[in-house]
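Asks: Quick one: structure below, then a few questions.
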Amino acid sequence: MSIDAALLIARSGLLHTQRALSNAADNVANAETAGYTRKRVLGEAVSNAGQGNGVRSLGPSRDVDSALVNEMNRRKSELSAAELRDTVLARIDEAHGDPAKSEGLGDLVGKLRTSFIELRTDPSQVVKQQAVVLNAAKNLVNRFNDLSRVVQEARQSAQDGIVSEVKLINSTLREIATLTRSIVEQKGAGQPTADIEDKRDLAIAQLSEIIAFKVVRQENGGLVLLGAGGVTLPLSENADALSVPSAFLTPQAYYGGVGTIPPITLSGADVTTGLKGGRLGEYIKLRDETLPRYQAELDIAAAEIADRFEEEGLRLFTDPAGVGPAFSGPDPNLAYAGGAQIGFAGRIEVSSVVRADVRLLRDGTHATGGFTPNPVGGPAGFTILIDRILDHSFGATNSLGANWGGFRTSGLGPDGALSSPFGTPQTIEDYAVILTASHTSDSAAAGSVLENTRQLSEALETRFTRQSRVDVDSEMASLIQLQNAYAANARVMSTAQTMWETLFGSVR
């Protein structure tokens, strides 16, 4: 090998080592940068006619497993959805009250029944009528009102969240489109794209938290985003992909058909049902399925309680206008959708008539089914109404001996498309207990799903970190190796220089 060849080889080694040192330094400097992956500057041997001519540096490259990245993004989508569901249902769980303090709906119905038992021991005591029975009724009404308010606030928040997430999807898709164009252009020009690919992967990961999709990568650096529900997410730098207006939701509002909730559109077409997973998919599920069912179950419970007291001669529970859904419209056991029951849990109150004259708790408010109210000046020990309430309003049959018919568990929601996940009990206390258990168990299940999903996501992230993130200790060790390699190449050049000087000296 000639001295010139040795110099050229050593020089190429120095240049390659310099690039590798600079790359390692960049890795260390960006170790905490979001989305940054470890880069490697690989070398390629250069030869001519079998004779080595040095090394040529290739552009910085990433060690990233695309399949692992796709799985991580899928889990990110599931995790963000699980976090959202857990947060929303935890608020409803809290609104149901502390079971250890007997604050649930079933407990409050039971306390109302107990208050009537206490009243029966001495019906003449107006103080008991007011302080015990009336307060128990007010506590039950307040719990219905609070639960309905929390459910409706959560549903409105879901609608507002959908609008916000759609805006975020649009801005993220524009960012991905811009980065993809840069990648395609640089690949076409033979330029490195590793840093841009990091930024694009970070944007894709952020998008996966909002909506589930599959990434189809192309050879030229382009990609296609296929939504989990069959909607292809378009990449455009200048136009919004999706559109949805803001809306104020009432308990009667629903999406689809003649409902008043506006759809999410893509190029004018309704794609709401095709958007799955992530926070957006969970918001849609909460808004259109979970929360309307909760509201319907609360409404049915409130309506049945009002109706069963009404049927036995005591109009104890009404809306602010003094009427209830059962005796102003369809029977509670008939259709829920389109009826006066919708939203009744948020409107129910203790009748203003009863509040003004608590003796009606003993005497009754109206005649019905063989019952005649105790007239003014009638017996102070009148117990007929109290017995009807204890035996029938809180029981499984009415005073005529017929079954109440249970509680409606299908045809729920403002559009009648939902069903309760439990059977129908016969008494109002049993239904209240089951309703609370159903809602709180949903919250517990959401917490369990969240924990499992978080563990899976963290395991994948740990695996990706080992493979593709920057390990500062490894990079520092690599720097030492590169410095030694640089020194070795420098010694070769120094030796070659000495040989040249010796050769020139001998010629002179």
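To be explicit about the labels: the chains of the structure tokens are called A, B, and onward in the order shown, and within each one the residues are counted from 1, while ligands get numbers from 1 in the order they are shown.
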Determine, for each residue of range 193-283 of chain A having at least one atom at most 12 Å from an atom of range 293-316 of chain A, the closest pair of atoms and their separation in Å to one decimal, counting only C-alpha atoms; order by chain and ascending number, as JSON lines.
Replies:
```
{"residue": "A:Thr250", "atom": "CA", "partner": "A:Gln295", "partner_atom": "CA", "distance": 11.1}
{"residue": "A:Pro251", "atom": "CA", "partner": "A:Gln295", "partner_atom": "CA", "distance": 7.7}
{"residue": "A:Gln252", "atom": "CA", "partner": "A:Gln295", "partner_atom": "CA", "distance": 10.3}
{"residue": "A:Ala253", "atom": "CA", "partner": "A:Gln295", "partner_atom": "CA", "distance": 11.8}
{"residue": "A:Tyr254", "atom": "CA", "partner": "A:Arg293", "partner_atom": "CA", "distance": 11.6}
```
Asks: Export C-alpha atoms of the chosen residues as a JSON list (two decimals), in the first residue's frame?
Replies:
```
[["chain", "number", "residue", "atom", "x", "y", "z"],
["A", 250, "THR", "CA", -80.60, 19.03, 26.44],
["A", 251, "PRO", "CA", -81.70, 15.65, 27.84],
["A", 252, "GLN", "CA", -83.87, 15.28, 24.70],
["A", 253, "ALA", "CA", -80.93, 15.78, 22.30],
["A", 254, "TYR", "CA", -79.46, 12.85, 20.40]]
```
Asks: Do you have, as a Markdown table, the list of residues of range 235-300 of chain A lying at most 10 Å from range 178-201 of chain A, each with its nearest atom pair and that distance in Å to one decimal, counting only C-alpha atoms and ordered by chain then number?
Replies:
```
| residue | atom | partner | partner_atom | distance |
| --- | --- | --- | --- | --- |
| A:Leu235 | CA | A:Thr178 | CA | 8.6 |
| A:Ser236 | CA | A:Thr178 | CA | 7.9 |
| A:Glu237 | CA | A:Thr178 | CA | 5.9 |
| A:Asn238 | CA | A:Thr178 | CA | 9.5 |
```
Asks: Hey, what does DSSP flag as helix (DSSP H, G or I) within range 202-290 of chain A? Can you give it to me as number ranges by chain?
Replies: A: 202-208, 272-274, 278-290
Asks: Would you write out those residues with N, CA, C and O atoms, as an mmCIF file, in the first residue's frame?
Replies:
```cif
data_model
loop_
_atom_site.group_PDB
_atom_site.id
_atom_site.type_symbol
_atom_site.label_atom_id
_atom_site.label_comp_id
_atom_site.auth_asym_id
_atom_site.auth_seq_id
_atom_site.Cartn_x
_atom_site.Cartn_y
_atom_site.Cartn_z
ATOM 1 N N LEU A 202 -43.752 11.660 16.179
ATOM 2 C CA LEU A 202 -44.289 12.299 17.376
ATOM 3 C C LEU A 202 -45.695 12.838 17.106
ATOM 4 O O LEU A 202 -46.609 12.666 17.934
ATOM 5 N N ALA A 203 -45.893 13.449 15.938
ATOM 6 C CA ALA A 203 -47.216 13.963 15.577
ATOM 7 C C ALA A 203 -48.224 12.819 15.422
ATOM 8 O O ALA A 203 -49.381 12.927 15.840
ATOM 9 N N ILE A 204 -47.779 11.716 14.833
ATOM 10 C CA ILE A 204 -48.662 10.550 14.673
ATOM 11 C C ILE A 204 -49.047 9.985 16.044
ATOM 12 O O ILE A 204 -50.202 9.606 16.266
ATOM 13 N N ALA A 205 -48.078 9.946 16.960
ATOM 14 C CA ALA A 205 -48.365 9.454 18.311
ATOM 15 C C ALA A 205 -49.384 10.349 19.011
ATOM 16 O O ALA A 205 -50.287 9.862 19.704
ATOM 17 N N GLN A 206 -49.253 11.654 18.827
ATOM 18 C CA GLN A 206 -50.206 12.580 19.428
ATOM 19 C C GLN A 206 -51.591 12.403 18.812
ATOM 20 O O GLN A 206 -52.605 12.449 19.520
ATOM 21 N N LEU A 207 -51.628 12.160 17.502
ATOM 22 C CA LEU A 207 -52.914 11.940 16.838
ATOM 23 C C LEU A 207 -53.562 10.643 17.309
ATOM 24 O O LEU A 207 -54.790 10.560 17.436
ATOM 25 N N SER A 208 -52.731 9.628 17.599
ATOM 26 C CA SER A 208 -53.283 8.340 18.024
ATOM 27 C C SER A 208 -53.967 8.434 19.378
ATOM 28 O O SER A 208 -54.808 7.595 19.713
ATOM 29 N N THR A 272 -69.463 10.338 11.650
ATOM 30 C CA THR A 272 -69.443 10.232 13.116
ATOM 31 C C THR A 272 -69.252 8.794 13.574
ATOM 32 O O THR A 272 -68.407 8.508 14.436
ATOM 33 N N THR A 273 -70.033 7.882 13.020
ATOM 34 C CA THR A 273 -69.955 6.486 13.468
ATOM 35 C C THR A 273 -68.706 5.788 12.966
ATOM 36 O O THR A 273 -68.400 4.680 13.420
ATOM 37 N N GLY A 274 -67.978 6.399 12.058
ATOM 38 C CA GLY A 274 -66.759 5.788 11.538
ATOM 39 C C GLY A 274 -65.505 6.251 12.253
ATOM 40 O O GLY A 274 -64.404 5.849 11.885
ATOM 41 N N GLY A 278 -59.516 6.249 20.825
ATOM 42 C CA GLY A 278 -58.943 7.485 21.315
ATOM 43 C C GLY A 278 -59.961 8.308 22.098
ATOM 44 O O GLY A 278 -61.066 7.865 22.412
ATOM 45 N N ARG A 279 -59.552 9.532 22.418
ATOM 46 C CA ARG A 279 -60.454 10.405 23.184
ATOM 47 C C ARG A 279 -61.713 10.735 22.386
ATOM 48 O O ARG A 279 -62.815 10.796 22.948
ATOM 49 N N LEU A 280 -61.553 10.965 21.068
ATOM 50 C CA LEU A 280 -62.721 11.327 20.262
ATOM 51 C C LEU A 280 -63.748 10.205 20.263
ATOM 52 O O LEU A 280 -64.941 10.443 20.481
ATOM 53 N N GLY A 281 -63.302 8.981 20.018
ATOM 54 C CA GLY A 281 -64.225 7.848 20.011
ATOM 55 C C GLY A 281 -64.903 7.658 21.354
ATOM 56 O O GLY A 281 -66.095 7.326 21.425
ATOM 57 N N GLU A 282 -64.154 7.885 22.439
ATOM 58 C CA GLU A 282 -64.743 7.724 23.777
ATOM 59 C C GLU A 282 -65.727 8.844 24.081
ATOM 60 O O GLU A 282 -66.774 8.611 24.697
ATOM 61 N N TYR A 283 -65.401 10.053 23.645
ATOM 62 C CA TYR A 283 -66.353 11.160 23.824
ATOM 63 C C TYR A 283 -67.677 10.840 23.132
ATOM 64 O O TYR A 283 -68.759 11.077 23.683
ATOM 65 N N ILE A 284 -67.599 10.309 21.911
ATOM 66 C CA ILE A 284 -68.811 9.969 21.162
ATOM 67 C C ILE A 284 -69.596 8.879 21.893
ATOM 68 O O ILE A 284 -70.826 8.945 22.024
ATOM 69 N N LYS A 285 -68.886 7.873 22.392
ATOM 70 C CA LYS A 285 -69.543 6.781 23.110
ATOM 71 C C LYS A 285 -70.213 7.280 24.387
ATOM 72 O O LYS A 285 -71.353 6.897 24.699
ATOM 73 N N LEU A 286 -69.530 8.130 25.121
ATOM 74 C CA LEU A 286 -70.107 8.679 26.343
ATOM 75 C C LEU A 286 -71.336 9.528 26.027
ATOM 76 O O LEU A 286 -72.375 9.412 26.688
ATOM 77 N N ARG A 287 -71.217 10.373 25.018
ATOM 78 C CA ARG A 287 -72.313 11.289 24.671
ATOM 79 C C ARG A 287 -73.549 10.559 24.171
ATOM 80 O O ARG A 287 -74.686 10.932 24.503
ATOM 81 N N ASP A 288 -73.350 9.522 23.355
ATOM 82 C CA ASP A 288 -74.470 8.897 22.650
ATOM 83 C C ASP A 288 -74.944 7.591 23.275
ATOM 84 O O ASP A 288 -76.037 7.123 22.936
ATOM 85 N N GLU A 289 -74.160 6.998 24.172
ATOM 86 C CA GLU A 289 -74.549 5.709 24.738
ATOM 87 C C GLU A 289 -74.571 5.723 26.266
ATOM 88 O O GLU A 289 -75.641 5.610 26.882
ATOM 89 N N THR A 290 -73.405 5.858 26.877
ATOM 90 C CA THR A 290 -73.302 5.697 28.326
ATOM 91 C C THR A 290 -74.126 6.728 29.089
ATOM 92 O O THR A 290 -74.963 6.381 29.938
#
```
Asks: Quick one: of A:Ala29, A:Leu233, A:Ala158, A:Leu84, who's nearest to Val271 in chain A, counting only C-alpha atoms?
Replies: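 Answer, going by the shortest atom-to-atom distance: A:Leu233.
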Asks: DSSP on the backbone: what in range 43-258 of chain A comes out strand (DSSP E or B), as an NGL selection string?
Replies: :A and (43-48 or 51-57 or 61-62 or 213-217 or 223-227 or 232-233 or 242-243 or 255)
Asks: Quick one: everything within 6 Å of Leu266 in chain A, counting only C-alpha atoms, minus sequence neighbours fewer than 2 positions away in the same chain. Send it as a tab-separated table (two decimals) with all heavy atoms, in the first residue's frame.
Replies:
```tsv
chain	number	residue	atom	x	y	z
A	242	LEU	N	-61.84	17.43	9.03
A	242	LEU	CA	-63.13	17.18	9.66
A	242	LEU	C	-63.79	18.48	10.08
A	242	LEU	O	-63.11	19.50	10.28
A	242	LEU	CB	-62.95	16.26	10.87
A	242	LEU	CG	-62.31	14.90	10.62
A	242	LEU	CD1	-62.06	14.19	11.95
A	242	LEU	CD2	-63.17	14.05	9.71
A	268	GLY	N	-68.32	17.00	3.73
A	268	GLY	CA	-69.77	17.08	3.72
A	268	GLY	C	-70.49	15.81	4.09
A	268	GLY	O	-71.71	15.82	4.27
A	269	ALA	N	-69.77	14.69	4.20
A	269	ALA	CA	-70.39	13.41	4.52
A	269	ALA	C	-70.29	13.13	6.02
A	269	ALA	O	-69.26	13.39	6.65
A	269	ALA	CB	-69.73	12.29	3.74
```
Asks: Please identify all polymer residues within 10 Å of Asp442 in chain A, counting only C-alpha atoms, omitting same-chain residues fewer than 6 positions from it, and present them as a list in words.
Replies: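 Non-adjacent residues within range: Arg85, Asp86, Leu89, Ala90, Ile92, Asp93, Thr290, Thr436 and Ser448 of chain A.
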Asks: Determine the nearest neighbour of Ala446 in chain A from the options A:Gly324, A:Thr365, A:Leu79, A:Ser124, counting only C-alpha atoms.
Replies: A:Leu79
Asks: Can you tell me, as a list in words, what residues are no more than 12 Å from Thr453 in chain A when counting only C-alpha atoms, ignoring any on the same chain fewer than 2 positions away?
Replies: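 My list of contacting residues is Met72, Arg74, Arg75, Lys76, Ser77, Glu78, Leu79, Ser80, Ala81, Ala82, Glu83, Asp86, Ala446, Gly447, Ser448, Val449, Leu450, Glu451, Gln455, Leu456, Ser457, Glu458, Ala459 and Leu460 of chain A.
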Asks: Based on the selection just made, write N, CA and C atoms of those residues as a compact mmCIF listing (two decimals), in the first residue's frame.
Replies:
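Contents of the output file part_16.txt:
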```txt
# COMPACT_ATOMS: atom_id res chain seq x y z
N MET A 72 -47.52 0.56 19.76
CA MET A 72 -47.50 1.60 20.80
C MET A 72 -48.60 2.62 20.58
N ARG A 74 -51.38 2.19 18.97
CA ARG A 74 -52.68 1.57 19.23
C ARG A 74 -52.98 1.57 20.73
N ARG A 75 -51.96 1.27 21.51
CA ARG A 75 -52.15 1.28 22.96
C ARG A 75 -52.32 2.69 23.50
N LYS A 76 -51.66 3.67 22.87
CA LYS A 76 -51.87 5.06 23.27
C LYS A 76 -53.33 5.46 23.08
N SER A 77 -53.90 5.01 21.96
CA SER A 77 -55.30 5.31 21.68
C SER A 77 -56.20 4.70 22.75
N GLU A 78 -55.94 3.45 23.10
CA GLU A 78 -56.73 2.77 24.12
C GLU A 78 -56.54 3.44 25.49
N LEU A 79 -55.30 3.84 25.78
CA LEU A 79 -55.01 4.45 27.08
C LEU A 79 -55.71 5.79 27.23
N SER A 80 -55.64 6.63 26.20
CA SER A 80 -56.27 7.94 26.31
C SER A 80 -57.79 7.81 26.45
N ALA A 81 -58.37 6.82 25.76
CA ALA A 81 -59.81 6.57 25.89
C ALA A 81 -60.13 6.09 27.30
N ALA A 82 -59.31 5.18 27.82
CA ALA A 82 -59.55 4.64 29.17
C ALA A 82 -59.41 5.72 30.23
N GLU A 83 -58.43 6.62 30.06
CA GLU A 83 -58.25 7.71 31.02
C GLU A 83 -59.47 8.63 31.03
N ASP A 86 -62.52 6.80 32.63
CA ASP A 86 -62.34 6.67 34.08
C ASP A 86 -62.62 8.01 34.77
N ALA A 446 -64.04 0.74 34.66
CA ALA A 446 -63.23 1.69 33.90
C ALA A 446 -61.86 1.86 34.54
N GLY A 447 -61.83 1.91 35.88
CA GLY A 447 -60.55 2.01 36.57
C GLY A 447 -59.67 0.79 36.34
N SER A 448 -60.28 -0.39 36.32
CA SER A 448 -59.53 -1.62 36.09
C SER A 448 -58.97 -1.66 34.66
N VAL A 449 -59.81 -1.28 33.69
CA VAL A 449 -59.36 -1.24 32.30
C VAL A 449 -58.21 -0.25 32.15
N LEU A 450 -58.33 0.89 32.80
CA LEU A 450 -57.28 1.91 32.73
C LEU A 450 -55.96 1.36 33.25
N GLU A 451 -56.00 0.69 34.39
CA GLU A 451 -54.76 0.16 34.97
C GLU A 451 -54.12 -0.87 34.06
N GLN A 455 -50.48 -0.45 32.02
CA GLN A 455 -49.36 -1.38 32.16
C GLN A 455 -48.86 -1.86 30.80
N LEU A 456 -49.79 -2.19 29.91
CA LEU A 456 -49.40 -2.62 28.57
C LEU A 456 -48.68 -1.51 27.82
N SER A 457 -49.19 -0.31 27.92
CA SER A 457 -48.58 0.82 27.24
C SER A 457 -47.18 1.10 27.78
N GLU A 458 -47.03 1.03 29.09
CA GLU A 458 -45.72 1.28 29.69
C GLU A 458 -44.72 0.19 29.31
N ALA A 459 -45.18 -1.05 29.20
CA ALA A 459 -44.29 -2.14 28.80
C ALA A 459 -43.78 -1.93 27.38
N LEU A 460 -44.66 -1.51 26.49
CA LEU A 460 -44.24 -1.24 25.12
C LEU A 460 -43.29 -0.05 25.05
```
Asks: Which is closer to Val231 in chain A than all the others in A:Asp363, A:Asp160, A:Glu219, A:Asp270, using only C-alpha atoms?
Replies: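 Of A:Asp363, A:Asp160, A:Glu219, A:Asp270, the one nearest Val231 in chain A is A:Asp270, counting only C-alpha atoms.
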Asks: Give me, please, the distance in Å between CA of Pro325 in chain A and CA of Pro123 in chain A, quoted to one decimal.
Replies: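 One can read the CA of Pro325 in chain A to CA of Pro123 in chain A distance as 29.2 Å.
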Asks: Please indicate the distance in Å from CA of Glu153 in chain A to CA of Ile261 in chain A, rounded to one decimal place.
Replies: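 Answer for the CA of Glu153 in chain A to CA of Ile261 in chain A separation: 15.4 Å.
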Asks: Calculated over only C-alpha atoms, which of the candidates A:Asp146, A:Glu175, A:Glu349, A:Asp387 has the smallest distance to Ala95 in chain A?
Replies: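 Checking each candidate against Ala95 in chain A, we get A:Asp146 as the closest.
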Asks: Could you tell me which of A:Val133, A:Ala31, A:Ala417, A:Val150 comes closest to Val470 in chain A if we count only C-alpha atoms?
Replies: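 The closest residue to Val470 in chain A is A:Ala31.
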Asks: How many Å separate CA of Gly259 in chain A from CA of Ala321 in chain A?
Replies: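 Interatomic distance here is 26.5 Å.
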Asks: Excluding Gly227 in chain A and any residue of its chain fewer than 3 positions from it, enumerate the residues within 9 Å of it, using only C-alpha atoms, and give them as number ranges by chain.
Replies: A: 211-215, 230-233, 274-276
